[in-house]
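Below is one structure, written out as structure tokens; the observations come after it.
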Amino acid sequence: MSDMPTRVLLVGHGLLLEGLCRLLAETDSLSIVATVDNWSKAQKWLACQTVDVVLVVTEIPLFAMSLPSVPDGADRVTRVVCLTMSANDLTIYTPQVIRNVRREELVRVLTEEGSFAGNKA
């Protein structure tokens, strides 16, 4: 792992995202570089910025949608991670599924370089 914090773009809205922003801001190994409220805005942001991880926060179970694709011009994005919440259960899709996630597990997934490849469009 690098000495530099992992640069994270957060995609989503609502109370889950707000709480997650506060929680992750307290982690020295992560740097929240921006938040946008939908995937379309994330793709526009990624067209001209670099980031290590895109964290998509959604209340929609991932089986109802597919893991978003990283735009072609976003070469620095190494991972797309989706986080969903249902019935007090946080689940990570990387595309591996990790259920009952705790803060430490989320930080580990976000900071492990190359552990989960993002989908290229």
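Residue numbers start at 1 in each chain; chains themselves are named A, B, ... in the order of the structure tokens; ligands are numbered from 1 in the order shown.
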Long-range neighbours of region 96-102 of chain A as a list in words, 10 Å cut-off, only C-alpha atoms, 2 positions minimum in chain =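 The contact residues come out as Leu62, Val81, Cys82, Leu83, Thr84, Met85, Asn88, Asp89, Leu90, Thr91, Ile92, Tyr93, Thr94, Glu104, Glu105, Leu106, Val107, Val109 and Phe116 of chain A.
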Selection above as a file: N, CA and C atoms, as a short mmCIF file (atom, residue, chain, number, x, y, z; two decimals), in the first residue's frame:
data_model
loop_
_atom_site.label_atom_id
_atom_site.label_comp_id
_atom_site.auth_asym_id
_atom_site.auth_seq_id
_atom_site.Cartn_x
_atom_site.Cartn_y
_atom_site.Cartn_z
N LEU A 62 -28.06 -4.57 -5.54
CA LEU A 62 -27.28 -4.65 -6.77
C LEU A 62 -27.83 -5.68 -7.74
N VAL A 81 -16.57 0.18 -6.54
CA VAL A 81 -17.14 -0.56 -5.42
C VAL A 81 -18.54 -0.02 -5.17
N CYS A 82 -19.52 -0.91 -5.04
CA CYS A 82 -20.88 -0.50 -4.71
C CYS A 82 -21.19 -0.91 -3.28
N LEU A 83 -21.88 -0.03 -2.57
CA LEU A 83 -22.27 -0.28 -1.19
C LEU A 83 -23.78 -0.10 -1.11
N THR A 84 -24.48 -1.12 -0.62
CA THR A 84 -25.93 -1.01 -0.45
C THR A 84 -26.28 -1.25 1.01
N MET A 85 -27.43 -0.75 1.40
CA MET A 85 -27.91 -0.96 2.75
C MET A 85 -29.35 -1.42 2.70
N ASN A 88 -30.55 -2.75 7.89
CA ASN A 88 -29.37 -2.55 8.74
C ASN A 88 -28.19 -3.42 8.36
N ASP A 89 -28.15 -3.88 7.11
CA ASP A 89 -27.05 -4.70 6.62
C ASP A 89 -26.35 -3.96 5.49
N LEU A 90 -25.07 -3.60 5.70
CA LEU A 90 -24.28 -2.99 4.64
C LEU A 90 -23.64 -4.11 3.82
N THR A 91 -23.77 -4.04 2.50
CA THR A 91 -23.20 -5.04 1.62
C THR A 91 -22.32 -4.36 0.59
N ILE A 92 -21.13 -4.91 0.36
CA ILE A 92 -20.20 -4.40 -0.65
C ILE A 92 -20.25 -5.33 -1.85
N TYR A 93 -20.27 -4.74 -3.05
CA TYR A 93 -20.17 -5.48 -4.31
C TYR A 93 -18.92 -4.97 -5.02
N THR A 94 -18.01 -5.88 -5.37
CA THR A 94 -16.72 -5.44 -5.90
C THR A 94 -16.24 -6.06 -7.20
N GLU A 104 -14.01 -1.20 9.28
CA GLU A 104 -12.67 -1.70 8.99
C GLU A 104 -12.64 -2.48 7.67
N GLU A 105 -13.68 -3.26 7.42
CA GLU A 105 -13.76 -4.05 6.19
C GLU A 105 -13.90 -3.14 4.97
N LEU A 106 -14.73 -2.10 5.09
CA LEU A 106 -14.89 -1.16 3.99
C LEU A 106 -13.58 -0.45 3.69
N VAL A 107 -12.88 0.02 4.71
CA VAL A 107 -11.60 0.70 4.51
C VAL A 107 -10.60 -0.26 3.85
N VAL A 109 -11.22 -2.81 1.84
CA VAL A 109 -11.59 -2.99 0.44
C VAL A 109 -11.20 -1.76 -0.38
N PHE A 116 -9.56 -5.38 -6.53
CA PHE A 116 -10.79 -5.55 -7.27
C PHE A 116 -10.76 -4.69 -8.51
#
Between A:Asn38, A:Thr58, A:Thr50, A:Ser29, smallest distance to Thr6 (chain A) by only C-alpha atoms belongs to A:Ser29
Name the residues in contact with Val54 (chain A) at a cut-off of 6 Å, using only C-alpha atoms, excluding same-chain residues fewer than 2 positions from it; report them as a list in words.
-> Val8, Leu9 and Val80 of chain A
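Straight-line separation from CA of Asp28 (chain A) to CA of Thr111 (chain A): 10.7 Å.
Taking only C-alpha atoms into account, Val57 (chain A) lies nearest to A:Val11 out of the set A:Val11, A:Leu110, A:Ala34, A:Ala25.
Each of A:Arg22, A:Arg79, A:Arg108, A:His13 was checked against Asp52 (chain A) using only C-alpha atoms; the smallest atom-to-atom distance is that of A:Arg79.
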